[in-house]
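Enquirer: Below is the file query_34.cif, which contains mmCIF, C-alpha atoms and all ligand atoms.
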data_model
#
loop_
_atom_site.group_PDB
_atom_site.id
_atom_site.type_symbol
_atom_site.label_atom_id
_atom_site.label_comp_id
_atom_site.auth_asym_id
_atom_site.auth_seq_id
_atom_site.Cartn_x
_atom_site.Cartn_y
_atom_site.Cartn_z
ATOM 1 C CA MET A 8 108.554 99.669 85.060
ATOM 2 C CA THR A 9 108.611 97.406 88.148
ATOM 3 C CA PRO A 10 105.835 94.793 87.949
ATOM 4 C CA ALA A 11 103.179 95.121 90.644
ATOM 5 C CA ALA A 12 102.937 92.494 93.390
ATOM 6 C CA ASP A 13 100.713 89.697 92.080
ATOM 7 C CA VAL A 14 97.275 89.355 93.700
ATOM 8 C CA THR A 15 95.577 87.655 90.748
ATOM 9 C CA ASN A 16 92.595 85.570 91.911
ATOM 10 C CA LYS A 17 93.275 86.297 95.591
ATOM 11 C CA ARG A 18 89.974 86.231 97.489
ATOM 12 C CA ILE A 19 89.930 89.350 99.631
ATOM 13 C CA LEU A 20 87.481 90.847 102.135
ATOM 14 C CA ILE A 21 87.874 94.518 103.097
ATOM 15 C CA THR A 22 85.864 96.148 105.874
ATOM 16 C CA GLY A 23 85.232 99.877 105.722
ATOM 17 C CA GLY A 24 85.434 99.491 101.944
ATOM 18 C CA ALA A 25 82.945 102.250 101.138
ATOM 19 C CA SER A 26 85.357 105.127 101.715
ATOM 20 C CA GLY A 27 88.938 106.343 102.010
ATOM 21 C CA ILE A 28 91.678 103.734 102.446
ATOM 22 C CA GLY A 29 89.261 100.778 102.171
ATOM 23 C CA ALA A 30 87.696 101.929 98.893
ATOM 24 C CA ALA A 31 91.113 102.739 97.381
ATOM 25 C CA SER A 32 92.418 99.309 98.415
ATOM 26 C CA ALA A 33 89.394 97.546 96.918
ATOM 27 C CA LYS A 34 89.842 99.367 93.617
ATOM 28 C CA LEU A 35 93.575 98.699 93.408
ATOM 29 C CA LEU A 36 93.369 95.018 94.398
ATOM 30 C CA ALA A 37 90.463 94.345 92.026
ATOM 31 C CA SER A 38 92.240 96.165 89.178
ATOM 32 C CA ARG A 39 95.139 93.741 89.707
ATOM 33 C CA GLY A 40 92.887 90.701 89.375
ATOM 34 C CA ALA A 41 91.783 90.013 92.960
ATOM 35 C CA LYS A 42 88.206 88.983 93.766
ATOM 36 C CA VAL A 43 87.017 91.423 96.387
ATOM 37 C CA VAL A 44 84.124 91.732 98.831
ATOM 38 C CA ILE A 45 83.827 95.129 100.454
ATOM 39 C CA ALA A 46 81.753 95.568 103.589
ATOM 40 C CA ASP A 47 80.620 98.723 105.328
ATOM 41 C CA LEU A 48 77.975 100.274 107.533
ATOM 42 C CA SER A 49 77.296 102.759 104.768
ATOM 43 C CA GLU A 50 75.195 100.813 102.272
ATOM 44 C CA GLU A 51 74.676 103.410 99.563
ATOM 45 C CA GLN A 52 78.340 104.410 99.415
ATOM 46 C CA GLY A 53 79.446 100.770 99.475
ATOM 47 C CA GLN A 54 77.104 99.843 96.631
ATOM 48 C CA ASN A 55 78.450 102.804 94.634
ATOM 49 C CA VAL A 56 82.077 101.713 95.089
ATOM 50 C CA ALA A 57 81.189 98.153 94.033
ATOM 51 C CA LYS A 58 79.170 99.335 91.032
ATOM 52 C CA GLU A 59 81.909 101.655 89.801
ATOM 53 C CA ALA A 60 84.425 98.787 90.016
ATOM 54 C CA GLN A 61 82.045 96.385 88.248
ATOM 55 C CA ASP A 62 81.472 98.971 85.495
ATOM 56 C CA ASN A 63 85.249 98.928 84.977
ATOM 57 C CA GLY A 64 85.175 95.136 84.645
ATOM 58 C CA PHE A 65 86.467 94.333 88.150
ATOM 59 C CA ASP A 66 85.181 91.697 90.570
ATOM 60 C CA VAL A 67 83.923 93.658 93.593
ATOM 61 C CA LYS A 68 80.806 92.874 95.610
ATOM 62 C CA PHE A 69 79.297 94.745 98.541
ATOM 63 C CA GLN A 70 77.770 93.470 101.780
ATOM 64 C CA LYS A 71 76.477 95.665 104.587
ATOM 65 C CA VAL A 72 78.061 95.075 108.002
ATOM 66 C CA ASP A 73 78.271 96.648 111.406
ATOM 67 C CA VAL A 74 81.599 95.376 112.752
ATOM 68 C CA THR A 75 80.509 96.139 116.326
ATOM 69 C CA GLN A 76 77.871 93.385 116.079
ATOM 70 C CA ALA A 77 79.062 89.767 116.233
ATOM 71 C CA ASP A 78 76.027 88.463 114.305
ATOM 72 C CA SER A 79 76.500 91.001 111.539
ATOM 73 C CA VAL A 80 80.178 90.003 111.196
ATOM 74 C CA LYS A 81 79.219 86.318 111.150
ATOM 75 C CA ALA A 82 76.745 86.989 108.320
ATOM 76 C CA LEU A 83 79.408 88.956 106.418
ATOM 77 C CA PHE A 84 81.932 86.129 106.560
ATOM 78 C CA ALA A 85 79.267 83.607 105.483
ATOM 79 C CA PHE A 86 78.504 85.888 102.508
ATOM 80 C CA ALA A 87 82.191 86.298 101.588
ATOM 81 C CA MET A 88 82.902 82.563 101.860
ATOM 82 C CA LYS A 89 79.921 81.800 99.604
ATOM 83 C CA GLU A 90 80.644 84.538 97.050
ATOM 84 C CA LEU A 91 84.408 83.982 96.871
ATOM 85 C CA GLY A 92 84.589 80.256 97.632
ATOM 86 C CA GLY A 93 87.067 80.910 100.463
ATOM 87 C CA LEU A 94 89.224 83.718 101.808
ATOM 88 C CA ASP A 95 92.943 84.363 101.276
ATOM 89 C CA VAL A 96 93.203 87.856 102.746
ATOM 90 C CA VAL A 97 91.073 89.933 105.127
ATOM 91 C CA VAL A 98 91.737 93.657 105.527
ATOM 92 C CA ASN A 99 90.262 94.945 108.801
ATOM 93 C CA ASN A 100 90.033 98.605 107.970
ATOM 94 C CA ALA A 101 86.643 99.865 109.249
ATOM 95 C CA GLY A 102 87.236 102.525 111.841
ATOM 96 C CA ILE A 103 86.033 105.792 113.306
ATOM 97 C CA ASP A 104 87.752 108.947 114.441
ATOM 98 C CA HIS A 105 87.676 110.289 117.966
ATOM 99 C CA LYS A 106 86.514 113.336 119.866
ATOM 100 C CA PRO A 107 89.646 115.480 120.314
ATOM 101 C CA ALA A 108 89.617 116.133 124.064
ATOM 102 C CA PRO A 109 91.759 115.584 127.145
ATOM 103 C CA MET A 110 91.228 112.157 128.723
ATOM 104 C CA HIS A 111 89.281 113.402 131.746
ATOM 105 C CA GLU A 112 86.782 115.208 129.523
ATOM 106 C CA LEU A 113 85.777 112.124 127.543
ATOM 107 C CA SER A 114 82.364 110.605 128.275
ATOM 108 C CA ASP A 115 81.771 106.876 128.568
ATOM 109 C CA ASP A 116 80.153 107.026 125.122
ATOM 110 C CA ASP A 117 83.180 108.774 123.581
ATOM 111 C CA PHE A 118 85.472 106.059 124.904
ATOM 112 C CA ASP A 119 83.160 103.115 124.255
ATOM 113 C CA SER A 120 82.434 104.013 120.637
ATOM 114 C CA ASN A 121 86.143 104.066 119.732
ATOM 115 C CA ILE A 122 86.722 100.742 121.442
ATOM 116 C CA ALA A 123 83.564 99.162 119.968
ATOM 117 C CA VAL A 124 84.431 99.927 116.336
ATOM 118 C CA ASN A 125 88.218 100.213 116.210
ATOM 119 C CA LEU A 126 89.115 97.421 118.630
ATOM 120 C CA LYS A 127 86.218 95.048 119.264
ATOM 121 C CA GLY A 128 85.146 95.326 115.613
ATOM 122 C CA VAL A 129 88.620 94.212 114.538
ATOM 123 C CA TRP A 130 88.537 91.379 117.064
ATOM 124 C CA HIS A 131 85.131 90.199 115.752
ATOM 125 C CA CYS A 132 86.572 90.105 112.239
ATOM 126 C CA MET A 133 89.840 88.437 113.300
ATOM 127 C CA ARG A 134 87.909 85.709 115.123
ATOM 128 C CA ALA A 135 85.741 85.114 112.059
ATOM 129 C CA SER A 136 88.810 85.200 109.759
ATOM 130 C CA ILE A 137 90.575 82.535 111.810
ATOM 131 C CA ALA A 138 87.471 80.308 111.807
ATOM 132 C CA CYS A 139 87.192 80.602 108.003
ATOM 133 C CA MET A 140 90.866 80.440 107.029
ATOM 134 C CA ALA A 141 92.449 77.939 109.418
ATOM 135 C CA PRO A 142 90.462 74.909 108.154
ATOM 136 C CA SER A 143 91.361 75.750 104.538
ATOM 137 C CA GLY A 144 95.118 75.829 105.081
ATOM 138 C CA GLY A 145 95.969 79.443 105.892
ATOM 139 C CA GLY A 146 95.584 83.095 105.040
ATOM 140 C CA HIS A 147 96.652 86.619 105.884
ATOM 141 C CA VAL A 148 94.868 89.195 108.055
ATOM 142 C CA ILE A 149 95.915 92.813 107.553
ATOM 143 C CA ASN A 150 94.703 95.177 110.269
ATOM 144 C CA VAL A 151 94.639 98.894 109.586
ATOM 145 C CA ALA A 152 95.946 100.324 112.858
ATOM 146 C CA SER A 153 97.644 103.751 112.954
ATOM 147 C CA VAL A 154 100.768 105.540 114.116
ATOM 148 C CA ALA A 155 98.470 106.225 117.096
ATOM 149 C CA GLY A 156 98.780 102.489 117.803
ATOM 150 C CA LEU A 157 102.537 102.891 118.247
ATOM 151 C CA ARG A 158 102.798 106.230 119.981
ATOM 152 C CA SER A 159 100.349 108.776 121.370
ATOM 153 C CA SER A 160 99.872 112.531 121.393
ATOM 154 C CA PRO A 161 97.595 114.857 123.378
ATOM 155 C CA ALA A 162 93.792 114.570 123.060
ATOM 156 C CA ILE A 163 93.613 111.217 121.262
ATOM 157 C CA SER A 164 93.562 108.795 124.207
ATOM 158 C CA ALA A 165 90.522 106.648 123.285
ATOM 159 C CA TYR A 166 91.571 106.377 119.631
ATOM 160 C CA SER A 167 95.160 105.652 120.607
ATOM 161 C CA ALA A 168 94.047 102.999 123.117
ATOM 162 C CA SER A 169 91.900 101.324 120.453
ATOM 163 C CA LYS A 170 94.772 101.272 117.945
ATOM 164 C CA HIS A 171 97.328 100.057 120.521
ATOM 165 C CA GLY A 172 94.780 97.300 121.190
ATOM 166 C CA VAL A 173 94.754 96.429 117.488
ATOM 167 C CA MET A 174 98.536 96.082 117.632
ATOM 168 C CA GLY A 175 98.174 93.763 120.643
ATOM 169 C CA LEU A 176 95.654 91.594 118.794
ATOM 170 C CA THR A 177 97.869 91.551 115.681
ATOM 171 C CA LYS A 178 100.962 90.421 117.577
ATOM 172 C CA SER A 179 99.042 87.898 119.703
ATOM 173 C CA ALA A 180 97.401 86.252 116.714
ATOM 174 C CA ALA A 181 100.708 86.248 114.793
ATOM 175 C CA VAL A 182 102.349 84.083 117.449
ATOM 176 C CA GLU A 183 99.253 81.993 118.184
ATOM 177 C CA TYR A 184 98.312 80.967 114.662
ATOM 178 C CA ALA A 185 101.588 80.742 112.726
ATOM 179 C CA ARG A 186 101.390 76.949 112.986
ATOM 180 C CA ALA A 187 98.032 77.100 111.179
ATOM 181 C CA ASN A 188 99.757 79.042 108.355
ATOM 182 C CA LEU A 189 97.876 82.212 109.260
ATOM 183 C CA ARG A 190 99.747 85.518 109.211
ATOM 184 C CA PHE A 191 98.701 88.779 110.882
ATOM 185 C CA ASN A 192 100.208 92.171 110.134
ATOM 186 C CA ALA A 193 99.173 95.773 110.661
ATOM 187 C CA VAL A 194 99.596 98.908 108.606
ATOM 188 C CA CYS A 195 100.163 102.056 110.642
ATOM 189 C CA PRO A 196 99.465 105.198 108.613
ATOM 190 C CA SER A 197 99.916 108.769 109.784
ATOM 191 C CA PHE A 198 97.491 111.430 108.471
ATOM 192 C CA ILE A 199 96.079 110.336 105.109
ATOM 193 C CA ASP A 200 93.849 112.425 102.865
ATOM 194 C CA THR A 201 90.497 110.677 103.395
ATOM 195 C CA PRO A 202 87.002 111.856 104.411
ATOM 196 C CA MET A 203 87.954 111.058 108.038
ATOM 197 C CA VAL A 204 90.861 113.514 108.007
ATOM 198 C CA GLN A 205 89.005 116.078 105.869
ATOM 199 C CA ASN A 206 86.248 116.112 108.550
ATOM 200 C CA THR A 207 88.883 116.788 111.195
ATOM 201 C CA LEU A 208 90.539 119.540 109.140
ATOM 202 C CA ALA A 209 87.170 121.232 108.552
ATOM 203 C CA LYS A 210 86.790 121.761 112.309
ATOM 204 C CA LEU A 211 90.201 123.402 112.786
ATOM 205 C CA ASP A 212 91.647 126.861 112.244
ATOM 206 C CA GLU A 213 94.589 127.344 109.872
ATOM 207 C CA ARG A 214 97.168 126.711 112.601
ATOM 208 C CA GLY A 215 95.484 123.434 113.592
ATOM 209 C CA GLN A 216 95.199 122.355 109.975
ATOM 210 C CA ASN A 217 98.889 123.022 109.346
ATOM 211 C CA ALA A 218 99.834 121.030 112.439
ATOM 212 C CA ILE A 219 98.109 117.999 110.906
ATOM 213 C CA ILE A 220 99.117 118.536 107.284
ATOM 214 C CA LYS A 221 102.762 119.174 108.196
ATOM 215 C CA ALA A 222 103.036 116.570 110.962
ATOM 216 C CA SER A 223 105.342 114.346 108.925
ATOM 217 C CA PRO A 224 108.798 115.382 107.698
ATOM 218 C CA LEU A 225 107.406 115.175 104.142
ATOM 219 C CA LYS A 226 105.140 118.098 105.143
ATOM 220 C CA ARG A 227 102.012 116.755 103.498
ATOM 221 C CA LEU A 228 99.145 114.330 104.052
ATOM 222 C CA GLY A 229 99.612 110.817 102.714
ATOM 223 C CA LYS A 230 97.536 109.784 99.705
ATOM 224 C CA VAL A 231 95.161 106.791 99.880
ATOM 225 C CA GLU A 232 97.106 105.236 96.997
ATOM 226 C CA GLU A 233 100.228 105.271 99.193
ATOM 227 C CA ILE A 234 98.434 103.040 101.692
ATOM 228 C CA SER A 235 96.554 100.837 99.227
ATOM 229 C CA SER A 236 99.775 100.010 97.354
ATOM 230 C CA ALA A 237 101.329 98.805 100.618
ATOM 231 C CA ILE A 238 98.192 96.771 101.378
ATOM 232 C CA ALA A 239 98.388 95.260 97.881
ATOM 233 C CA TRP A 240 102.012 94.229 98.470
ATOM 234 C CA LEU A 241 101.081 92.755 101.854
ATOM 235 C CA ALA A 242 98.194 90.871 100.222
ATOM 236 C CA SER A 243 100.595 89.305 97.702
ATOM 237 C CA ASP A 244 102.817 86.312 98.379
ATOM 238 C CA GLU A 245 105.821 88.659 98.330
ATOM 239 C CA SER A 246 105.112 89.468 101.994
ATOM 240 C CA SER A 247 105.281 85.768 102.972
ATOM 241 C CA PHE A 248 107.885 86.116 105.773
ATOM 242 C CA MET A 249 106.241 89.158 107.368
ATOM 243 C CA ASN A 250 104.208 88.260 110.463
ATOM 244 C CA GLY A 251 103.256 90.281 113.543
ATOM 245 C CA HIS A 252 104.674 93.443 111.989
ATOM 246 C CA ALA A 253 103.644 97.101 112.224
ATOM 247 C CA PHE A 254 104.132 98.388 108.665
ATOM 248 C CA THR A 255 104.509 102.125 109.274
ATOM 249 C CA LEU A 256 103.500 104.489 106.468
ATOM 250 C CA ASP A 257 104.019 107.933 107.934
ATOM 251 C CA GLY A 258 106.333 109.985 105.752
ATOM 252 C CA GLY A 259 108.939 109.681 108.503
ATOM 253 C CA MET A 260 106.760 110.970 111.364
ATOM 254 C CA LEU A 261 107.975 108.354 113.839
ATOM 255 C CA ALA A 262 111.588 108.366 112.641
HETATM 256 P P1 LIG A 301 86.880 106.755 106.290
HETATM 257 O O1 LIG A 301 85.999 107.435 107.266
HETATM 258 O O2 LIG A 301 87.074 107.346 104.948
HETATM 259 O O3 LIG A 301 86.414 105.236 106.097
HETATM 260 C C1 LIG A 301 86.067 104.433 107.191
HETATM 261 C C2 LIG A 301 84.936 103.516 106.774
HETATM 262 O O4 LIG A 301 84.610 102.668 107.896
HETATM 263 C C3 LIG A 301 83.657 104.290 106.414
HETATM 264 O O5 LIG A 301 83.189 103.899 105.133
HETATM 265 C C4 LIG A 301 82.684 103.909 107.513
HETATM 266 O O6 LIG A 301 81.328 103.853 107.079
HETATM 267 C C5 LIG A 301 83.198 102.534 107.913
HETATM 268 N N1 LIG A 301 82.723 102.172 109.254
HETATM 269 C C6 LIG A 301 82.695 102.939 110.365
HETATM 270 N N2 LIG A 301 82.111 102.274 111.372
HETATM 271 C C7 LIG A 301 81.769 101.056 110.898
HETATM 272 C C8 LIG A 301 81.138 99.917 111.460
HETATM 273 N N3 LIG A 301 80.698 99.914 112.727
HETATM 274 N N4 LIG A 301 80.945 98.831 110.686
HETATM 275 C C9 LIG A 301 81.353 98.832 109.396
HETATM 276 N N5 LIG A 301 81.938 99.879 108.794
HETATM 277 C C10 LIG A 301 82.144 100.977 109.543
HETATM 278 O O7 LIG A 301 88.269 106.590 107.032
HETATM 279 P P2 LIG A 301 89.751 106.230 106.543
HETATM 280 O O8 LIG A 301 90.574 107.425 106.821
HETATM 281 O O9 LIG A 301 89.758 105.603 105.214
HETATM 282 O O10 LIG A 301 90.134 105.160 107.676
HETATM 283 C C11 LIG A 301 90.235 103.773 107.421
HETATM 284 C C12 LIG A 301 91.016 103.163 108.572
HETATM 285 O O11 LIG A 301 92.327 103.736 108.609
HETATM 286 C C13 LIG A 301 90.415 103.418 109.964
HETATM 287 O O12 LIG A 301 90.555 102.256 110.752
HETATM 288 C C14 LIG A 301 91.264 104.543 110.505
HETATM 289 O O13 LIG A 301 91.298 104.559 111.907
HETATM 290 C C15 LIG A 301 92.616 104.167 109.908
HETATM 291 N N6 LIG A 301 93.557 105.284 109.835
HETATM 292 C C16 LIG A 301 93.259 106.380 109.106
HETATM 293 C C17 LIG A 301 94.165 107.417 109.037
HETATM 294 C C18 LIG A 301 93.893 108.657 108.267
HETATM 295 O O14 LIG A 301 94.658 109.613 108.444
HETATM 296 N N7 LIG A 301 92.894 108.712 107.404
HETATM 297 C C19 LIG A 301 95.451 107.363 109.740
HETATM 298 C C20 LIG A 301 95.665 106.131 110.455
HETATM 299 C C21 LIG A 301 94.742 105.137 110.490
#
Can you dump the structure from the file as C-alpha cells?

Expert:
Amino acid sequence: MTPAADVTNKRILITGGASGIGAASAKLLASRGAKVVIADLSEEQGQNVAKEAQDNGFDVKFQKVDVTQADSVKALFAFAMKELGGLDVVVNNAGIDHKPAPMHELSDDDFDSNIAVNLKGVWHCMRASIACMAPSGGGHVINVASVAGLRSSPAISAYSASKHGVMGLTKSAAVEYARANLRFNAVCPSFIDTPMVQNTLAKLDERGQNAIIKASPLKRLGKVEEISSAIAWLASDESSFMNGHAFTLDGGMLA
C-alpha cells in the first residue's frame, strides 16, 4: 500500500468544516495526525463533527465563524493561533450555492450573497492567514474554488464570478508572498456528493439530475473523500513546489 502524505502535527484551520468537503477534510487530516480547528456558521453541526472526531481520539476543535464578517474572522484566527500555537495550513472552504437563473434575472441580493461568502469571505481569511503565517516563517493556504472558477455554464454567473475571483486571489497571493515562504493553491472540484449538491438535485427533475450526475466523463458525482485526499496531499510537504495552481478534480469534465 502507498503510504499517505504525511501531515503529522500540522496545524490546520478549515472553514466550512461542519459539512461536506470541509468535514471530510477535517476527519481525514486529523486521522493522519494533524491538529485541526474547524470553523463554520453552523454551530451545532460543527460541534458534532468535532465531537465525533474527538470520540475517535483525533485532535479537532470547533469555533463558530461568519466568514463574511471581518471581526468574526479575526476572532477565529486568534482562537486558532491560541489553540494550535500557530498555523501551517488554512483551507478556505466555506461557501454557498447560487440561485440557478439567467444573469439578468438575478437580484442584487442573489449576486451579493455569493460574492460576500465565496469571494470576500475567502479574502478575509487569506488576509488573516497572511498576517498569522508570514511572521512565523511561512505556510500554505488552500482555497476551495470550483471548475466554475475556470469555466462557466448557463445560469451560474454569480457563483462563477465568485469562484473566478477566488482564482484571482489565489494567483495574486502566490506571486506576492512567495518571498515570505507562503504558498497559495486552489482545488477546483466539479459536482461532488455533498449536502450542497443534494439540495440542488432535490429541486430538479430526472433530466436535470442526470445532467449534473453525468456531467463528467466518469458519469458520476465525485465523492468527498476524492477531494479531501487531494487536500491532504496539498497540506503535506509533498506539494512544496506547487504554488498558484488550480488543482482540478473533475473526473475529466474540463478535459
Ligand atoms: P456544504 O454546503 O456541504 O458545506 C459548506 C459549509 O460552509 C456549510 O457547513 C456552511 O454552513 C458553511 N458556510 C456557509 N456560509 C458560511 C459563512 N458565511 N461562514 C462560515 N461558514 C459558512 O458544501 P460543500 O459542497 O462541501 O462545499 C464546500 C466548498 O466547495 C464550497 O466553497 C463550494 O462552493 C465548493 N465546491 C463544491 C462543489 C460541490 O459539488 N459540492 C463543487 C465545487 C466547489

Enquirer: Using only C-alpha atoms, which of the listed residues (A:Leu126, A:Ala141, A:Val194, A:Leu211) sits closest to Trp240 in chain A?

Expert: A:Val194

Enquirer: Please list as a ChimeraX atom specification every residue within 9 Å of Asn99 in chain A, counting all atoms listed in the file and excluding residues in the same chain fewer than 6 positions away.

Expert: /A:20-23,29,128-129,132-133,148-152

Enquirer: What lies within 7 Å of Gly24 in chain A using all atoms listed in the file, ignoring chain neighbours under 4 positions off, as a list of chain:residue names?

Expert: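 Selected residues are A:Gly29, A:Ala30, A:Ala33, A:Ile45, A:Ala46, A:Asp47, A:Gly53.
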
Enquirer: Write out the residues from the selection above, keeping C-alpha atoms, as a compact mmCIF listing (two decimals), in the coordinates of the input.

Expert:
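Saved to again25.txt:
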# COMPACT_ATOMS: atom_id res chain seq x y z
CA GLY A 29 89.26 100.78 102.17
CA ALA A 30 87.70 101.93 98.89
CA ALA A 33 89.39 97.55 96.92
CA ILE A 45 83.83 95.13 100.45
CA ALA A 46 81.75 95.57 103.59
CA ASP A 47 80.62 98.72 105.33
CA GLY A 53 79.45 100.77 99.48

Enquirer: Please evaluate the PyMOL selection byres (((chain A and resi 124) around 12) and not hetatm) against the displayed coordinates and give the resulting residues as a PyMOL selection string.

Expert: chain A and resi 22-23+47-48+72-77+80+99-105+117-123+125-132+165-166+169-170+172-173

Enquirer: Set the distance at 12 Å and use all atoms listed in the file: which residues neighbour Ala262 in chain A once local chain neighbours fewer than 5 positions away are removed? I'd like the list as a short mmCIF file (atom, residue, chain, number, x, y, z; two decimals) with C-alpha atoms, in the frame of the given file.

Expert:
data_model
loop_
_atom_site.label_atom_id
_atom_site.label_comp_id
_atom_site.auth_asym_id
_atom_site.auth_seq_id
_atom_site.Cartn_x
_atom_site.Cartn_y
_atom_site.Cartn_z
CA VAL A 154 100.77 105.54 114.12
CA LEU A 157 102.54 102.89 118.25
CA ARG A 158 102.80 106.23 119.98
CA ALA A 222 103.04 116.57 110.96
CA SER A 223 105.34 114.35 108.92
CA PRO A 224 108.80 115.38 107.70
CA LEU A 225 107.41 115.18 104.14
CA THR A 255 104.51 102.12 109.27
CA LEU A 256 103.50 104.49 106.47
CA ASP A 257 104.02 107.93 107.93
#

Enquirer: Run the PyMOL selection byres (((chain A and resi 111) around 12) and not hetatm) on the file and write out the hits as a list of chain:residue names.

Expert: A:Pro107, A:Ala108, A:Pro109, A:Met110, A:Glu112, A:Leu113, A:Ser114, A:Asp115, A:Asp117, A:Phe118, A:Pro161, A:Ala162, A:Ile163, A:Ser164, A:Ala165

Enquirer: Can you list, as a ChimeraX atom specification, the residues that the PyMOL selection byres (((chain A and resi 202) around 12) and not hetatm) selects here?

Expert: /A:25-30,102-104,198-201,203-209,230-231

Enquirer: What is the distance, in Å and to one decimal place, between CA of Gly259 in chain A and CA of Asp244 in chain A?

Expert: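 Interatomic distance here is 26.2 Å.
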
Enquirer: One decimal, Å: what's the distance from CA of Glu233 in chain A over to CA of Phe248 in chain A, could you say?

Expert: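 Computing it gives 21.7 Å between the two atoms.
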
Enquirer: Go through A:Gly156, A:Gly175, A:Gly251, A:Gly215 one by one, measure the shortest atom-to-atom distance of each to ligand LIG 301 (chain A) using all atoms listed in the file, and give the residue with the smallest value.

Expert: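 Using all atoms listed in the file, the shortest distance to ligand LIG 301 (chain A) belongs to A:Gly156.
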